[in-house]
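For reference, protein.txt is printed below; it contains compact mmCIF, C-alpha atoms and all ligand atoms.
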# COMPACT_ATOMS: atom_id res chain seq x y z
CA LEU A 1 110.51 136.25 96.68
CA SER A 2 111.85 134.59 99.76
CA LEU A 3 115.52 134.38 100.51
CA HIS A 4 115.24 130.65 99.99
CA ASP A 5 114.28 130.86 96.34
CA ALA A 6 116.78 129.28 94.00
CA LEU A 7 118.59 127.59 96.84
CA PRO A 8 121.79 126.11 95.49
CA ILE A 9 121.13 122.51 96.50
CA SER A 10 124.59 121.46 95.44
CA THR A 11 126.07 123.32 98.42
CA SER A 12 124.34 120.98 100.87
CA THR A 13 125.21 117.38 101.48
CA THR A 14 122.22 116.68 103.69
CA MET A 15 119.29 118.70 102.55
CA ALA A 16 116.36 117.72 100.37
CA SER A 17 114.50 120.58 98.74
CA PHE A 18 110.84 121.53 98.96
CA ASN A 19 110.68 124.74 96.98
CA GLY A 20 114.15 125.44 98.25
CA LYS A 21 113.47 124.72 101.89
CA GLN A 22 113.57 121.83 104.30
CA TYR A 23 112.96 122.80 107.91
CA LEU A 24 115.34 121.55 110.59
CA VAL A 25 113.64 120.70 113.87
CA GLY A 26 115.99 119.77 116.68
CA GLY A 27 115.03 118.42 120.07
CA ASN A 28 117.16 118.97 123.14
CA TRP A 29 116.57 116.45 125.90
CA LYS A 30 119.21 118.19 128.07
CA CYS A 31 120.30 116.30 131.21
CA ASN A 32 117.18 114.18 131.57
CA GLY A 33 116.31 110.52 131.45
CA THR A 34 116.77 107.18 133.12
CA LYS A 35 117.21 104.03 131.03
CA GLU A 36 113.51 103.36 131.54
CA SER A 37 112.18 106.86 130.80
CA THR A 38 114.45 107.19 127.76
CA ALA A 39 113.15 103.93 126.30
CA ALA A 40 109.62 105.18 126.95
CA LEU A 41 110.36 108.49 125.20
CA VAL A 42 111.78 106.64 122.18
CA ALA A 43 108.62 104.52 122.05
CA THR A 44 106.48 107.69 122.26
CA LEU A 45 108.35 109.37 119.41
CA ASN A 46 108.36 106.18 117.35
CA GLY A 47 104.58 106.01 117.62
CA ALA A 48 103.84 109.72 117.22
CA GLY A 49 102.96 109.65 113.54
CA VAL A 50 104.28 110.86 110.24
CA ILE A 51 106.97 113.52 109.94
CA PRO A 52 106.34 115.68 106.87
CA ALA A 53 108.96 115.15 104.17
CA TRP A 54 109.85 118.87 104.33
CA VAL A 55 111.02 118.54 107.94
CA GLU A 56 114.40 117.11 108.95
CA VAL A 57 114.44 116.04 112.59
CA ALA A 58 117.26 115.38 115.06
CA VAL A 59 117.11 114.91 118.82
CA GLY A 60 119.89 115.91 121.23
CA VAL A 61 120.41 112.93 123.49
CA PRO A 62 122.47 112.80 126.72
CA SER A 63 125.76 111.10 125.82
CA ILE A 64 125.26 108.04 127.96
CA HIS A 65 121.99 107.22 126.20
CA ILE A 66 123.25 107.80 122.64
CA ALA A 67 124.18 104.18 121.87
CA SER A 68 120.85 102.76 122.97
CA VAL A 69 118.78 105.51 121.35
CA ILE A 70 120.56 105.17 118.01
CA GLY A 71 119.64 101.48 117.98
CA THR A 72 115.97 101.97 118.79
CA LEU A 73 114.79 105.37 117.53
CA ARG A 74 112.86 105.59 114.24
CA LYS A 75 115.24 106.10 111.35
CA ASP A 76 113.66 109.34 110.15
CA ILE A 77 114.90 111.05 113.32
CA SER A 78 118.65 111.38 113.63
CA VAL A 79 120.59 111.59 116.84
CA ALA A 80 122.46 114.68 117.97
CA ALA A 81 124.92 115.10 120.81
CA GLN A 82 124.56 118.11 123.10
CA ASP A 83 128.26 118.96 123.13
CA CYS A 84 131.60 117.62 121.95
CA SER A 85 135.20 118.10 122.92
CA ALA A 86 137.31 120.93 121.52
CA THR A 87 140.08 118.38 121.03
CA GLY A 88 140.45 115.07 119.20
CA ASN A 89 141.18 111.72 120.81
CA GLY A 90 144.03 111.49 123.29
CA ALA A 91 144.96 112.35 126.85
CA TYR A 92 141.85 114.41 127.62
CA THR A 93 140.22 112.75 130.62
CA GLY A 94 136.47 113.04 130.70
CA GLU A 95 136.12 114.38 127.18
CA LEU A 96 134.03 112.94 124.34
CA SER A 97 135.49 113.62 120.92
CA ALA A 98 133.51 114.40 117.78
CA ALA A 99 135.18 111.39 116.13
CA MET A 100 133.73 109.10 118.83
CA LEU A 101 130.27 110.55 118.27
CA ALA A 102 130.56 110.05 114.51
CA ASP A 103 131.75 106.48 115.04
CA PHE A 104 128.54 105.75 116.97
CA GLY A 105 126.35 107.09 114.14
CA VAL A 106 125.62 110.52 115.62
CA LYS A 107 124.79 112.96 112.82
CA TRP A 108 124.44 116.33 114.56
CA VAL A 109 125.92 118.11 117.54
CA ILE A 110 124.38 121.08 119.34
CA LEU A 111 127.15 123.55 120.24
CA GLY A 112 127.18 126.83 122.13
CA HIS A 113 123.87 126.32 123.91
CA SER A 114 123.33 129.24 126.29
CA GLU A 115 123.24 126.83 129.23
CA ARG A 116 126.81 125.81 128.38
CA ARG A 117 127.90 129.40 127.67
CA VAL A 118 126.58 130.38 131.12
CA ASN A 119 127.18 127.27 133.26
CA GLN A 120 130.43 126.05 131.70
CA GLY A 121 131.73 129.47 130.69
CA GLU A 122 132.01 128.52 127.01
CA THR A 123 133.23 131.43 124.92
CA SER A 124 132.37 132.08 121.29
CA ALA A 125 135.97 131.21 120.37
CA LEU A 126 135.64 127.82 122.08
CA VAL A 127 132.33 127.20 120.30
CA ALA A 128 134.07 127.90 116.97
CA THR A 129 136.88 125.47 117.83
CA LYS A 130 134.37 122.77 118.76
CA THR A 131 132.46 123.44 115.55
CA LYS A 132 135.62 122.83 113.54
CA GLN A 133 136.30 119.58 115.42
CA ALA A 134 132.75 118.41 114.73
CA LEU A 135 132.88 119.30 111.03
CA ASP A 136 136.26 117.60 110.65
CA ALA A 137 134.73 114.43 112.10
CA GLY A 138 131.91 114.57 109.54
CA LEU A 139 129.19 115.80 111.91
CA SER A 140 126.69 118.58 111.21
CA VAL A 141 126.38 121.34 113.79
CA MET A 142 123.59 123.46 115.26
CA VAL A 143 125.40 126.52 116.61
CA CYS A 144 123.30 128.31 119.23
CA VAL A 145 123.36 132.09 119.47
CA GLY A 146 121.19 134.50 121.45
CA GLU A 147 121.00 137.37 123.88
CA SER A 148 119.92 137.55 127.53
CA LEU A 149 117.03 139.73 128.69
CA ALA A 150 119.43 142.32 130.13
CA GLU A 151 121.28 142.46 126.81
CA ARG A 152 118.02 142.89 124.87
CA GLU A 153 116.86 145.63 127.22
CA ALA A 154 120.20 147.39 126.82
CA GLY A 155 119.74 147.37 123.02
CA ARG A 156 122.62 144.92 122.56
CA VAL A 157 120.94 142.15 120.52
CA ASN A 158 123.10 142.67 117.43
CA ALA A 159 126.22 143.29 119.52
CA VAL A 160 125.83 139.88 121.17
CA VAL A 161 124.32 137.77 118.39
CA LEU A 162 126.21 139.17 115.41
CA ASP A 163 129.35 140.86 116.74
CA ASP A 164 130.18 138.14 119.29
CA HIS A 165 128.45 134.79 118.65
CA MET A 166 128.37 134.92 114.83
CA ALA A 167 131.62 136.86 114.45
CA ALA A 168 133.59 133.99 116.01
CA LEU A 169 132.59 131.81 113.05
CA LYS A 170 133.86 134.26 110.42
CA GLY A 171 136.58 133.00 108.09
CA LYS A 172 136.80 129.60 109.78
CA PHE A 173 134.90 127.29 107.43
CA SER A 174 134.75 126.38 103.74
CA ASP A 175 131.47 126.50 101.80
CA SER A 176 131.10 122.73 102.06
CA GLU A 177 131.54 123.01 105.82
CA TRP A 178 128.96 125.82 106.04
CA ALA A 179 126.54 123.43 104.29
CA ARG A 180 126.67 121.35 107.50
CA ILE A 181 126.08 124.27 109.88
CA ALA A 182 122.69 125.47 111.09
CA ILE A 183 122.29 128.50 113.35
CA ALA A 184 119.83 128.26 116.24
CA TYR A 185 118.68 131.69 117.40
CA GLU A 186 117.74 131.15 121.02
CA PRO A 187 116.96 134.28 123.03
CA VAL A 188 118.01 133.25 126.53
CA TRP A 189 114.95 134.94 128.07
CA ALA A 190 112.70 132.56 126.12
CA ILE A 191 114.46 129.28 127.00
CA GLY A 192 112.57 127.15 129.49
CA THR A 193 110.56 130.18 130.63
CA GLY A 194 107.31 129.64 128.74
CA VAL A 195 107.89 133.10 127.23
CA THR A 196 108.24 132.83 123.46
CA ALA A 197 109.63 135.50 121.19
CA SER A 198 106.82 136.68 118.95
CA PRO A 199 107.12 135.53 115.33
CA GLU A 200 107.94 139.17 114.47
CA GLN A 201 110.66 139.50 117.14
CA ALA A 202 112.24 136.23 116.01
CA GLN A 203 111.94 137.06 112.30
CA GLU A 204 113.75 140.37 112.87
CA VAL A 205 116.80 138.68 114.41
CA HIS A 206 116.73 135.80 111.92
CA ALA A 207 116.81 138.33 109.07
CA SER A 208 119.82 140.05 110.66
CA ILE A 209 121.63 136.72 111.03
CA ARG A 210 120.95 135.94 107.37
CA GLY A 211 122.19 139.40 106.45
CA TRP A 212 125.34 138.80 108.49
CA LEU A 213 125.91 135.50 106.64
CA SER A 214 125.40 137.18 103.28
CA LYS A 215 127.95 139.88 104.09
CA ASN A 216 130.51 137.81 105.98
CA VAL A 217 130.30 134.40 104.29
CA SER A 218 128.43 134.63 100.97
CA PRO A 219 124.93 135.28 99.61
CA ALA A 220 124.63 131.62 98.54
CA ILE A 221 125.51 130.36 102.02
CA ALA A 222 123.10 132.89 103.54
CA LYS A 223 120.29 131.47 101.40
CA ALA A 224 121.11 127.86 102.13
CA THR A 225 121.77 128.08 105.89
CA ARG A 226 118.91 127.02 108.08
CA ILE A 227 118.23 129.40 110.97
CA GLN A 228 116.23 127.71 113.70
CA TYR A 229 114.28 129.46 116.44
CA GLY A 230 114.53 128.15 120.01
CA GLY A 231 112.79 129.30 123.16
CA SER A 232 109.58 127.76 124.49
CA MET A 233 108.57 126.59 121.02
CA LYS A 234 105.73 124.10 121.18
CA GLY A 235 102.70 122.85 119.29
CA ALA A 236 100.67 125.96 120.06
CA ASN A 237 103.14 128.46 118.59
CA ALA A 238 105.09 126.43 116.02
CA ALA A 239 103.01 127.25 112.94
CA GLY A 240 103.18 131.02 113.54
CA LEU A 241 106.95 130.96 113.98
CA LEU A 242 107.69 128.54 111.15
CA SER A 243 105.61 130.51 108.65
CA LYS A 244 108.02 133.47 108.87
CA PRO A 245 110.33 133.68 105.86
CA ASP A 246 113.63 133.50 107.75
CA ILE A 247 112.60 130.91 110.36
CA ASP A 248 113.73 127.57 108.97
CA GLY A 249 113.06 125.30 111.91
CA GLY A 250 113.20 125.06 115.65
CA LEU A 251 115.29 123.91 118.55
CA ILE A 252 112.99 122.59 121.20
CA GLY A 253 113.73 121.74 124.81
CA GLY A 254 110.75 120.95 127.03
CA ALA A 255 108.32 120.00 124.26
CA SER A 256 110.86 117.59 122.73
CA LEU A 257 110.22 115.22 125.64
CA LYS A 258 106.66 114.60 124.46
CA ALA A 259 104.77 113.31 121.41
CA GLU A 260 103.88 116.97 120.81
CA PHE A 261 107.40 117.35 119.36
CA ILE A 262 106.12 115.45 116.32
CA THR A 263 102.37 116.04 116.44
CA GLY A 264 102.52 119.70 117.45
CA VAL A 265 105.77 121.04 116.01
CA CYS A 266 106.88 118.91 113.02
CA GLN A 267 103.35 118.30 111.74
CA ASN A 268 102.56 122.03 112.00
CA ALA A 269 105.46 123.12 109.82
CA PRO A 270 103.70 124.62 106.81
CA GLU A 271 104.54 123.02 103.48
CA PRO A 272 106.97 125.36 101.75
CA LYS A 273 105.21 127.12 98.88
C1 LIG B 1 116.51 124.89 124.47
O1 LIG B 1 116.97 124.45 125.48
O2 LIG B 1 117.21 124.95 123.46
C2 LIG B 1 115.11 125.35 124.46
C3 LIG B 1 114.69 126.08 123.45
O3 LIG B 1 114.34 124.99 125.53
P1 LIG B 1 112.74 125.23 125.70
O4 LIG B 1 112.09 124.81 124.41
O5 LIG B 1 112.36 124.36 126.84
O6 LIG B 1 112.55 126.69 125.95
Kindly return the structure encoded in the file as structure tokens.
Ligand code: PEP
Amino acid sequence: LSLHDALPISTSTTMASFNGKQYLVGGNWKCNGTKESTAALVATLNGAGVIPAWVEVAVGVPSIHIASVIGTLRKDISVAAQDCSATGNGAYTGELSAAMLADFGVKWVILGHSERRVNQGETSALVATKTKQALDAGLSVMVCVGESLAEREAGRVNAVVLDDHMAALKGKFSDSEWARIAIAYEPVWAIGTGVTASPEQAQEVHASIRGWLSKNVSPAIAKATRIQYGGSMKGANAAGLLSKPDIDGGLIGGASLKAEFITGVCQNAPEPK
């Protein structure tokens, strides 16, 4: 029996069920795109073919392109932001609040990406605060967690992923809020490097994250929460990763800028049995 059996659908506001599972595949366009290249990417994705019904898809769009992409992108792909403010509206120059994103029709926000943890110094506590802001505004959140190569080599995977990144989320959200949270396990050493965690390496950490959720939130939330893998995921390795029992989707950087995002990743997600 997989952990997804007998998924309590009523805990989720967004999720359809295919034998208790609907994958979540997120794209992350990062800081890329002119007006022209973004329109071309939308046209590519719009023409890339059918997305299986058991795959939910969202793409993380640079903020300045969100309004145009929401108006032109196929409706079976929702739009995600790549960050949001830790505060609401008000005297916060340069910030973009979760409420503004929701007002524009954004459905998801990617929070705690390792590039922001490293480059902007975002702490796990800040990521938790932003997650609350996003949930309060009605958004769903992909919270990114993951260890660096040095941390893995020092045997600190659980110390970083569970005791720091996940621990900051403990006791902060209701069950109905957890139904709008996905966890993206993204080993930093696999992001943008072409090095992918093996399906077995990823499955091991995904199982520990689900175990953490079971112990620290609830067994029902652990079953229902989608845990995505991110790190050089592409058409060639998607099926192997997505067939593991605790890998419920992907978060894809480089390959999300190509038709392969649909034809190689989404279309290779095995139908849940
Ligand atoms: C990412 O940025 O979340 C990511 C997984 O990137 P890539 O797929 O390019 O490794």
- Task: May I have the residues within 12 Å of A:Trp108 as a ChimeraX atom specification, using only C-alpha atoms and disregarding those fewer than 3 positions away in the same chain?
- Result: /A:14,24-28,56-61,66,77-84,98-99,101-102,104-105,111,131,134-135,137-143,180-182
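Here atom CA of A:Gln201 is placed at a distance of 18.7 Å from atom CA of A:Asp163.
Residues of protein, DNA or RNA having any atom at most 7 Å from ligand LIG 1 (chain B), counting only C-alpha atoms and all ligand atoms, are A:Asn28, A:His113, A:Glu186, A:Ala190, A:Ile191, A:Gly192, A:Thr193, A:Gly194, A:Gly230, A:Gly231, A:Ser232, A:Met233, A:Leu251, A:Ile252, A:Gly253, A:Gly254, A:Ala255.
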Dig up all the protein and nucleic acid residues within 10 Å of (108.5, 107.0, 120.1) in the file frame, using all atoms listed in the file, and format them as a tab-separated table (two decimals) with C-alpha atoms, keeping the file's coordinate frame.
chain	number	residue	atom	x	y	z
A	38	THR	CA	114.45	107.19	127.76
A	39	ALA	CA	113.15	103.93	126.30
A	40	ALA	CA	109.62	105.18	126.95
A	41	LEU	CA	110.36	108.49	125.20
A	42	VAL	CA	111.78	106.64	122.18
A	43	ALA	CA	108.62	104.52	122.05
A	44	THR	CA	106.48	107.69	122.26
A	45	LEU	CA	108.35	109.37	119.41
A	46	ASN	CA	108.36	106.18	117.35
A	47	GLY	CA	104.58	106.01	117.62
A	48	ALA	CA	103.84	109.72	117.22
A	49	GLY	CA	102.96	109.65	113.54
A	72	THR	CA	115.97	101.97	118.79
A	73	LEU	CA	114.79	105.37	117.53
A	74	ARG	CA	112.86	105.59	114.24
A	258	LYS	CA	106.66	114.60	124.46
A	259	ALA	CA	104.77	113.31	121.41
A	262	ILE	CA	106.12	115.45	116.32
Using all atoms listed in the file, what residues lie at most 9 Å away from (121.9, 135.4, 108.5) (file coordinates), given as a compact mmCIF listing (two decimals) with C-alpha atoms, keeping the file's coordinate frame?
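And here's selection.txt as it stands now:
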# COMPACT_ATOMS: atom_id res chain seq x y z
CA LEU A 162 126.21 139.17 115.41
CA ILE A 183 122.29 128.50 113.35
CA VAL A 205 116.80 138.68 114.41
CA HIS A 206 116.73 135.80 111.92
CA ALA A 207 116.81 138.33 109.07
CA SER A 208 119.82 140.05 110.66
CA ILE A 209 121.63 136.72 111.03
CA ARG A 210 120.95 135.94 107.37
CA GLY A 211 122.19 139.40 106.45
CA TRP A 212 125.34 138.80 108.49
CA LEU A 213 125.91 135.50 106.64
CA SER A 214 125.40 137.18 103.28
CA LYS A 215 127.95 139.88 104.09
CA ILE A 221 125.51 130.36 102.02
CA ALA A 222 123.10 132.89 103.54
CA LYS A 223 120.29 131.47 101.40
CA THR A 225 121.77 128.08 105.89
CA ARG A 226 118.91 127.02 108.08
CA ILE A 227 118.23 129.40 110.97
CA ASP A 246 113.63 133.50 107.75
For A:Leu241, please output as a PDB file with C-alpha atoms, in the frame of the given file all residues within 8 Å (counting only C-alpha atoms; exclusion window: fewer than 2 positions along the same chain).
ATOM      1  CA  SER A 198     106.820 136.680 118.950  1.00  0.00           C
ATOM      2  CA  PRO A 199     107.120 135.530 115.330  1.00  0.00           C
ATOM      3  CA  ALA A 202     112.240 136.230 116.010  1.00  0.00           C
ATOM      4  CA  TYR A 229     114.280 129.460 116.440  1.00  0.00           C
ATOM      5  CA  ASN A 237     103.140 128.460 118.590  1.00  0.00           C
ATOM      6  CA  ALA A 238     105.090 126.430 116.020  1.00  0.00           C
ATOM      7  CA  ALA A 239     103.010 127.250 112.940  1.00  0.00           C
ATOM      8  CA  SER A 243     105.610 130.510 108.650  1.00  0.00           C
ATOM      9  CA  LYS A 244     108.020 133.470 108.870  1.00  0.00           C
ATOM     10  CA  ILE A 247     112.600 130.910 110.360  1.00  0.00           C
TER      11      ILE A 247
END
- How many Å lie between atom CA of A:Gln267 and atom CA of A:Pro245, rounded to one decimal? 17.9 Å
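Comparing the minimum interatomic distances between A:Ala236 and each of A:Glu260, A:Ala220, A:Asp248, A:Ser63, counting only C-alpha atoms, we find that A:Glu260 sits nearest.
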